[in-house]
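What follows is a short report on a single structure.
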Amino acid sequence: MPKPIVSIHTITTSYGASDIRVFEPSSDDDILGTVVTVHPWSFLGGGEHNTIGLARNISTSGWRVITFKLKSTPLYLGGAIGGILFRHYHEVNHIAEVVEWAFEQYHTQNDTSDQHMILLGSSAGAPFAGSAMAKIQQHQQAKIAAFIAVGYTFGNLASLGFGRHFSSVVGNSASNFCGSSSSSAEEDEEIPPKYFIMGENDEFTSVEQLESMVARMKSVNPNCKVEVDVVPSVGHFQLESPRYDPVVAEKVVQWLEDTIL
């Protein structure tokens with residue numbers, strides 16, 4: 001596998017300095033777009049290392065991929081306990097700011113606005129990414145071309161911590177992402193497609209639960225394209241392990257090629 005070109009950029013966000021790693025293909029071909037990854041929640045043992053392997057694999061297929069260490073809600077504002085009590089404002093806003101930086105850096109400054117901006121969340125990072133996506137679609141210059149979730153934490157127990165984010169991807173008038181729009185201008189916008197990859201033996205949810213949520217998404221807006229890909233005999237933590245990075249990356253690249261290119 002060819003090695004990507006990796007650069008590190010330190011940016012200033014509302015939550016302090018953030019080191020952004022950018023993985024770019026080593027070939028001279030045009031870059032297809034930018035994939036911003038969101039790693040599993042740090043309070044549950046996740047970190048940027050969970051998305052490095054994905055970034056390396058996806059970037060070899062013509063995509064620019066961004067990884068970063070997600071800022072978590074401080075302990076004095078609830079921290080891990082706040083996963084149940086709060087809305088993870090730090091996490092959601094931090095993701096939105098990184099996406100906005102990427103858009104300004106690669107899509108406006110270099111006059112490549114025709115490229116695609118993709119948001120990919122893994123495990124508990126997926127609900128945060130979904131809420132950030134809704135925020136970006138409503139309030140920021142950047143626009144998301146597609147949303148990808150690897151091991152999205154649907155499920156009854158997981159909903160205690162992350163259920164408040166579900167509406168951002170399921171779609172309702174509050175999110176305005178894949179549901180009712182609040183203005184005629186929003187009604188004319190194309191609804192970005194969504195792609196869910198999960199392990200058949202996921203410990204946080206089930207295939208049936210995911211299919212039920214997808215059915216709700218389609219009922220809210222039949223024009224919203226949603227696809228599901230189940231990896232047989234694989235659990236939640238297996239799917240986010242380095243062993244399965246090539247598998248997930250291949251599925252992501254193929255879906256992007258089929259869906260938005």
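In the structure tokens, chains take the letters A, B, ... in the order shown, each chain's residues start at 1, and ligands count up from 1 in the order shown.
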Considering only C-alpha atoms, give me a table of residues in range 127-153 of chain A that are at most 12 Å from range 23-35 of chain A, with the closest atom pair and distance in Å for each, as a Markdown table.
| residue | atom | partner | partner_atom | distance |
| --- | --- | --- | --- | --- |
| A:Ala142 | CA | A:Thr34 | CA | 11.7 |
| A:Lys143 | CA | A:Thr34 | CA | 11.6 |
| A:Ile144 | CA | A:Val35 | CA | 9.9 |
| A:Ala145 | CA | A:Gly33 | CA | 9.6 |
| A:Ala146 | CA | A:Val35 | CA | 9.4 |
| A:Phe147 | CA | A:Val35 | CA | 9.6 |
| A:Ile148 | CA | A:Val35 | CA | 9.6 |
Same residues, all heavy atoms, saved as a PDB file, in the first residue's frame:
ATOM      1  N   ALA A 142     -19.431  25.864   5.343  1.00  0.00           N
ATOM      2  CA  ALA A 142     -19.180  24.526   4.835  1.00  0.00           C
ATOM      3  C   ALA A 142     -20.475  23.735   4.738  1.00  0.00           C
ATOM      4  O   ALA A 142     -21.400  23.932   5.527  1.00  0.00           O
ATOM      5  CB  ALA A 142     -18.193  23.805   5.747  1.00  0.00           C
ATOM      6  N   LYS A 143     -20.536  22.839   3.772  1.00  0.00           N
ATOM      7  CA  LYS A 143     -21.676  21.948   3.630  1.00  0.00           C
ATOM      8  C   LYS A 143     -21.183  20.510   3.536  1.00  0.00           C
ATOM      9  O   LYS A 143     -20.160  20.229   2.910  1.00  0.00           O
ATOM     10  CB  LYS A 143     -22.494  22.304   2.383  1.00  0.00           C
ATOM     11  CG  LYS A 143     -23.147  23.691   2.463  1.00  0.00           C
ATOM     12  CD  LYS A 143     -24.111  23.796   3.631  1.00  0.00           C
ATOM     13  CE  LYS A 143     -24.714  25.185   3.746  1.00  0.00           C
ATOM     14  NZ  LYS A 143     -25.571  25.331   4.947  1.00  0.00           N
ATOM     15  N   ILE A 144     -21.918  19.624   4.157  1.00  0.00           N
ATOM     16  CA  ILE A 144     -21.539  18.215   4.179  1.00  0.00           C
ATOM     17  C   ILE A 144     -22.166  17.499   2.983  1.00  0.00           C
ATOM     18  O   ILE A 144     -23.378  17.559   2.769  1.00  0.00           O
ATOM     19  CB  ILE A 144     -21.993  17.545   5.484  1.00  0.00           C
ATOM     20  CG1 ILE A 144     -21.398  18.282   6.693  1.00  0.00           C
ATOM     21  CG2 ILE A 144     -21.589  16.075   5.502  1.00  0.00           C
ATOM     22  CD1 ILE A 144     -19.894  18.315   6.719  1.00  0.00           C
ATOM     23  N   ALA A 145     -21.322  16.804   2.214  1.00  0.00           N
ATOM     24  CA  ALA A 145     -21.805  16.078   1.037  1.00  0.00           C
ATOM     25  C   ALA A 145     -22.310  14.695   1.393  1.00  0.00           C
ATOM     26  O   ALA A 145     -23.157  14.136   0.689  1.00  0.00           O
ATOM     27  CB  ALA A 145     -20.694  15.968  -0.006  1.00  0.00           C
ATOM     28  N   ALA A 146     -21.803  14.114   2.496  1.00  0.00           N
ATOM     29  CA  ALA A 146     -22.240  12.781   2.912  1.00  0.00           C
ATOM     30  C   ALA A 146     -21.829  12.550   4.359  1.00  0.00           C
ATOM     31  O   ALA A 146     -20.850  13.123   4.853  1.00  0.00           O
ATOM     32  CB  ALA A 146     -21.632  11.707   2.016  1.00  0.00           C
ATOM     33  N   PHE A 147     -22.602  11.692   5.034  1.00  0.00           N
ATOM     34  CA  PHE A 147     -22.331  11.336   6.425  1.00  0.00           C
ATOM     35  C   PHE A 147     -22.130   9.828   6.503  1.00  0.00           C
ATOM     36  O   PHE A 147     -22.939   9.049   5.982  1.00  0.00           O
ATOM     37  CB  PHE A 147     -23.505  11.742   7.314  1.00  0.00           C
ATOM     38  CG  PHE A 147     -23.401  11.266   8.739  1.00  0.00           C
ATOM     39  CD1 PHE A 147     -22.520  11.865   9.625  1.00  0.00           C
ATOM     40  CD2 PHE A 147     -24.176  10.210   9.192  1.00  0.00           C
ATOM     41  CE1 PHE A 147     -22.420  11.430  10.940  1.00  0.00           C
ATOM     42  CE2 PHE A 147     -24.094   9.765  10.501  1.00  0.00           C
ATOM     43  CZ  PHE A 147     -23.215  10.379  11.375  1.00  0.00           C
ATOM     44  N   ILE A 148     -21.035   9.417   7.156  1.00  0.00           N
ATOM     45  CA  ILE A 148     -20.716   7.995   7.308  1.00  0.00           C
ATOM     46  C   ILE A 148     -20.553   7.684   8.789  1.00  0.00           C
ATOM     47  O   ILE A 148     -19.855   8.408   9.511  1.00  0.00           O
ATOM     48  CB  ILE A 148     -19.428   7.633   6.552  1.00  0.00           C
ATOM     49  CG1 ILE A 148     -19.589   7.922   5.049  1.00  0.00           C
ATOM     50  CG2 ILE A 148     -19.059   6.165   6.771  1.00  0.00           C
ATOM     51  CD1 ILE A 148     -18.300   7.782   4.263  1.00  0.00           C
TER      52      ILE A 148
END
Who sits within 8 Å of Phe103 in chain A, only C-alpha atoms, same chain under 4 positions skipped, as a CSV table (one decimal) with N, CA, C and O atoms, in the first residue's frame:
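Resulting contents of around-v7.csv:
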chain,number,residue,atom,x,y,z
A,99,VAL,N,-14.3,21.1,10.8
A,99,VAL,CA,-14.8,21.1,9.5
A,99,VAL,C,-14.8,22.4,8.8
A,99,VAL,O,-14.4,22.5,7.6
A,107,HIS,N,-11.1,24.2,0.3
A,107,HIS,CA,-12.2,24.4,-0.7
A,107,HIS,C,-12.3,25.8,-1.1
A,107,HIS,O,-12.8,26.1,-2.2
A,108,THR,N,-12.0,26.8,-0.3
A,108,THR,CA,-12.2,28.2,-0.6
A,108,THR,C,-10.8,28.8,-1.1
A,108,THR,O,-10.7,29.3,-2.1
A,117,MET,N,-17.0,17.4,0.9
A,117,MET,CA,-16.7,17.4,2.3
A,117,MET,C,-17.5,16.3,3.0
A,117,MET,O,-18.8,16.3,3.0
A,142,ALA,N,-19.4,25.9,5.3
A,142,ALA,CA,-19.2,24.5,4.8
A,142,ALA,C,-20.5,23.7,4.7
A,142,ALA,O,-21.4,23.9,5.5
Practice item. Might you pull out every residue within 7 Å of range 244-252 of chain A, with only C-alpha atoms counted and same-chain residues fewer than 6 positions away left off, and present them as a PyMOL selection string? Key: chain A and resi 53-54+57-58
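The space separating CA of Tyr89 in chain A from CA of Ala126 in chain A comes to 14.4 Å.
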Point to revise | Residues within 7 Å of range 223-238 of chain A, only C-alpha atoms, excluding chain neighbours under 5 positions, as JSON, numbers by chain | key: {"A": [151, 178, 191, 193, 194, 195, 196, 197, 198, 199, 200, 201, 202, 203, 214, 218]}
Store the residues picked out above, limited to all heavy atoms, as a tab-separated table (two decimals), in the first residue's frame.
chain	number	residue	atom	x	y	z
A	151	GLY	N	-20.25	1.87	13.30
A	151	GLY	CA	-20.64	1.45	14.64
A	151	GLY	C	-21.42	2.50	15.40
A	151	GLY	O	-21.16	2.73	16.59
A	178	CYS	N	-32.14	16.09	7.80
A	178	CYS	CA	-32.78	15.12	6.92
A	178	CYS	C	-34.25	15.04	7.30
A	178	CYS	O	-34.79	13.99	7.62
A	178	CYS	CB	-32.12	13.75	7.04
A	178	CYS	SG	-32.74	12.52	5.89
A	191	ILE	N	-30.41	16.75	0.10
A	191	ILE	CA	-30.16	16.13	1.40
A	191	ILE	C	-28.98	15.17	1.27
A	191	ILE	O	-29.02	14.24	0.46
A	191	ILE	CB	-31.41	15.36	1.87
A	191	ILE	CG1	-32.58	16.33	2.02
A	191	ILE	CG2	-31.12	14.64	3.18
A	191	ILE	CD1	-33.89	15.64	2.28
A	193	PRO	N	-26.52	12.09	1.56
A	193	PRO	CA	-26.76	10.68	1.84
A	193	PRO	C	-26.04	10.23	3.10
A	193	PRO	O	-25.08	10.87	3.54
A	193	PRO	CB	-26.21	9.97	0.61
A	193	PRO	CG	-25.13	10.89	0.12
A	193	PRO	CD	-25.64	12.28	0.40
A	194	LYS	N	-26.50	9.12	3.68
A	194	LYS	CA	-25.89	8.59	4.90
A	194	LYS	C	-25.59	7.11	4.72
A	194	LYS	O	-26.35	6.38	4.08
A	194	LYS	CB	-26.83	8.81	6.10
A	194	LYS	CG	-27.08	10.27	6.41
A	194	LYS	CD	-27.75	10.45	7.75
A	194	LYS	CE	-29.22	10.09	7.73
A	194	LYS	NZ	-30.02	11.10	7.02
A	195	TYR	N	-24.50	6.70	5.32
A	195	TYR	CA	-24.03	5.32	5.18
A	195	TYR	C	-23.64	4.80	6.56
A	195	TYR	O	-22.82	5.40	7.25
A	195	TYR	CB	-22.82	5.30	4.24
A	195	TYR	CG	-22.21	3.95	3.96
A	195	TYR	CD1	-22.99	2.83	3.70
A	195	TYR	CD2	-20.82	3.81	3.90
A	195	TYR	CE1	-22.42	1.60	3.41
A	195	TYR	CE2	-20.22	2.59	3.61
A	195	TYR	CZ	-21.03	1.49	3.36
A	195	TYR	OH	-20.45	0.27	3.06
A	196	PHE	N	-24.25	3.68	6.96
A	196	PHE	CA	-24.00	3.09	8.27
A	196	PHE	C	-23.31	1.74	8.10
A	196	PHE	O	-23.85	0.84	7.44
A	196	PHE	CB	-25.30	2.91	9.04
A	196	PHE	CG	-25.97	4.19	9.42
A	196	PHE	CD1	-26.85	4.82	8.55
A	196	PHE	CD2	-25.71	4.80	10.64
A	196	PHE	CE1	-27.47	6.01	8.89
A	196	PHE	CE2	-26.31	6.00	10.99
A	196	PHE	CZ	-27.19	6.61	10.11
A	197	ILE	N	-22.14	1.60	8.72
A	197	ILE	CA	-21.42	0.33	8.74
A	197	ILE	C	-21.43	-0.18	10.17
A	197	ILE	O	-21.09	0.56	11.10
A	197	ILE	CB	-19.96	0.50	8.26
A	197	ILE	CG1	-19.91	1.16	6.89
A	197	ILE	CG2	-19.26	-0.85	8.22
A	197	ILE	CD1	-18.49	1.51	6.44
A	198	MET	N	-21.82	-1.43	10.37
A	198	MET	CA	-21.83	-1.98	11.73
A	198	MET	C	-21.47	-3.45	11.70
A	198	MET	O	-21.60	-4.13	10.68
A	198	MET	CB	-23.19	-1.78	12.41
A	198	MET	CG	-24.31	-2.66	11.88
A	198	MET	SD	-25.78	-2.66	12.96
A	198	MET	CE	-25.18	-3.57	14.39
A	199	GLY	N	-20.99	-3.93	12.84
A	199	GLY	CA	-20.71	-5.35	12.97
A	199	GLY	C	-21.98	-6.11	13.32
A	199	GLY	O	-22.82	-5.62	14.08
A	200	GLU	N	-22.11	-7.27	12.79
A	200	GLU	CA	-23.32	-8.08	13.04
A	200	GLU	C	-23.52	-8.35	14.52
A	200	GLU	O	-24.66	-8.41	15.00
A	200	GLU	CB	-23.19	-9.40	12.27
A	200	GLU	CG	-24.40	-10.32	12.42
A	200	GLU	CD	-24.21	-11.63	11.69
A	200	GLU	OE1	-23.05	-12.06	11.51
A	200	GLU	OE2	-25.23	-12.25	11.32
A	201	ASN	N	-22.43	-8.48	15.25
A	201	ASN	CA	-22.50	-8.80	16.68
A	201	ASN	C	-22.21	-7.59	17.56
A	201	ASN	O	-21.68	-7.72	18.67
A	201	ASN	CB	-21.52	-9.93	17.02
A	201	ASN	CG	-21.82	-11.21	16.25
A	201	ASN	OD1	-22.97	-11.49	15.92
A	201	ASN	ND2	-20.78	-11.98	15.96
A	202	ASP	N	-22.56	-6.40	17.10
A	202	ASP	CA	-22.32	-5.18	17.85
A	202	ASP	C	-22.92	-5.28	19.25
A	202	ASP	O	-24.10	-5.63	19.41
A	202	ASP	CB	-22.92	-3.98	17.10
A	202	ASP	CG	-22.46	-2.65	17.66
A	202	ASP	OD1	-22.80	-2.35	18.83
A	202	ASP	OD2	-21.79	-1.90	16.95
A	203	GLU	N	-22.10	-4.94	20.28
A	203	GLU	CA	-22.55	-5.08	21.66
A	203	GLU	C	-23.43	-3.92	22.13
A	203	GLU	O	-24.08	-4.03	23.18
A	203	GLU	CB	-21.34	-5.20	22.59
A	203	GLU	CG	-20.51	-6.45	22.40
A	203	GLU	CD	-19.47	-6.34	21.30
A	203	GLU	OE1	-19.41	-5.27	20.65
A	203	GLU	OE2	-18.70	-7.31	21.10
A	214	VAL	N	-33.21	3.34	10.45
A	214	VAL	CA	-33.15	3.70	9.03
A	214	VAL	C	-34.56	3.84	8.45
A	214	VAL	O	-34.83	4.75	7.65
A	214	VAL	CB	-32.34	2.65	8.24
A	214	VAL	CG1	-32.51	2.84	6.73
A	214	VAL	CG2	-30.87	2.72	8.62
A	218	LYS	N	-36.19	7.19	6.61
A	218	LYS	CA	-36.83	7.19	5.30
A	218	LYS	C	-38.28	7.63	5.38
A	218	LYS	O	-38.82	8.21	4.43
A	218	LYS	CB	-36.72	5.81	4.66
A	218	LYS	CG	-35.29	5.43	4.31
A	218	LYS	CD	-35.21	4.05	3.65
A	218	LYS	CE	-33.78	3.73	3.24
A	218	LYS	NZ	-33.67	2.40	2.60
Check your understanding: Hey, which of A:Gln105, A:Ala96, A:Lys3, A:Glu257 ends up closest to Gln138 in chain A? Count only C-alpha atoms.
Key ->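 Going through A:Gln105, A:Ala96, A:Lys3, A:Glu257 one by one, the smallest distance to Gln138 in chain A is for A:Ala96.
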Check your understanding: Hey, can you check how far CA of Asn221 in chain A sits from CA of His116 in chain A?
Key -> 22.6 Å
Exercise for review: Do a neighbour search on Tyr15 in chain A at 9 Å with only C-alpha atoms, toss out local chain neighbours closer than 3 positions, and write the hits as a list in words.
Suggested key: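 Returned residues: Thr12, Ser18, Lys71, His90 and His94 of chain A.
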File of the preceding selection, all heavy atoms, as a PDB file, in the first residue's frame:
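Output (again26.pdb):
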ATOM      1  N   THR A  12      -6.347  27.182  15.996  1.00  0.00           N
ATOM      2  CA  THR A  12      -6.942  27.715  17.220  1.00  0.00           C
ATOM      3  C   THR A  12      -8.454  27.551  17.155  1.00  0.00           C
ATOM      4  O   THR A  12      -9.096  27.966  16.194  1.00  0.00           O
ATOM      5  CB  THR A  12      -6.595  29.205  17.390  1.00  0.00           C
ATOM      6  OG1 THR A  12      -5.173  29.351  17.441  1.00  0.00           O
ATOM      7  CG2 THR A  12      -7.201  29.751  18.674  1.00  0.00           C
ATOM      8  N   SER A  18      -5.538  22.965  18.572  1.00  0.00           N
ATOM      9  CA  SER A  18      -5.797  21.599  18.141  1.00  0.00           C
ATOM     10  C   SER A  18      -4.824  21.230  17.032  1.00  0.00           C
ATOM     11  O   SER A  18      -4.643  21.996  16.080  1.00  0.00           O
ATOM     12  CB  SER A  18      -7.228  21.443  17.614  1.00  0.00           C
ATOM     13  OG  SER A  18      -8.180  21.526  18.639  1.00  0.00           O
ATOM     14  N   LYS A  71     -11.929  17.281  21.569  1.00  0.00           N
ATOM     15  CA  LYS A  71     -12.032  17.869  22.900  1.00  0.00           C
ATOM     16  C   LYS A  71     -13.277  17.341  23.606  1.00  0.00           C
ATOM     17  O   LYS A  71     -14.376  17.381  23.038  1.00  0.00           O
ATOM     18  CB  LYS A  71     -12.110  19.396  22.806  1.00  0.00           C
ATOM     19  CG  LYS A  71     -10.936  20.050  22.099  1.00  0.00           C
ATOM     20  CD  LYS A  71      -9.666  19.999  22.916  1.00  0.00           C
ATOM     21  CE  LYS A  71      -8.550  20.778  22.244  1.00  0.00           C
ATOM     22  NZ  LYS A  71      -7.285  20.728  22.994  1.00  0.00           N
ATOM     23  N   HIS A  90     -19.112  20.700  23.847  1.00  0.00           N
ATOM     24  CA  HIS A  90     -17.703  20.836  23.492  1.00  0.00           C
ATOM     25  C   HIS A  90     -17.370  19.947  22.298  1.00  0.00           C
ATOM     26  O   HIS A  90     -16.719  20.391  21.346  1.00  0.00           O
ATOM     27  CB  HIS A  90     -16.803  20.464  24.681  1.00  0.00           C
ATOM     28  CG  HIS A  90     -16.695  21.524  25.724  1.00  0.00           C
ATOM     29  ND1 HIS A  90     -17.775  21.933  26.467  1.00  0.00           N
ATOM     30  CD2 HIS A  90     -15.628  22.262  26.149  1.00  0.00           C
ATOM     31  CE1 HIS A  90     -17.386  22.881  27.313  1.00  0.00           C
ATOM     32  NE2 HIS A  90     -16.089  23.099  27.141  1.00  0.00           N
ATOM     33  N   HIS A  94     -16.522  21.479  18.631  1.00  0.00           N
ATOM     34  CA  HIS A  94     -15.143  21.270  18.191  1.00  0.00           C
ATOM     35  C   HIS A  94     -15.120  20.637  16.803  1.00  0.00           C
ATOM     36  O   HIS A  94     -14.334  21.043  15.926  1.00  0.00           O
ATOM     37  CB  HIS A  94     -14.402  20.387  19.198  1.00  0.00           C
ATOM     38  CG  HIS A  94     -12.937  20.291  18.935  1.00  0.00           C
ATOM     39  ND1 HIS A  94     -12.191  19.192  19.297  1.00  0.00           N
ATOM     40  CD2 HIS A  94     -12.063  21.148  18.336  1.00  0.00           C
ATOM     41  CE1 HIS A  94     -10.934  19.374  18.947  1.00  0.00           C
ATOM     42  NE2 HIS A  94     -10.828  20.552  18.357  1.00  0.00           N
TER      43      HIS A  94
END
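Proximity of A:Ile8, A:Ile66, A:Ile118, A:Leu256 to Val98 in chain A, computed with only C-alpha atoms, is greatest for A:Ile66.
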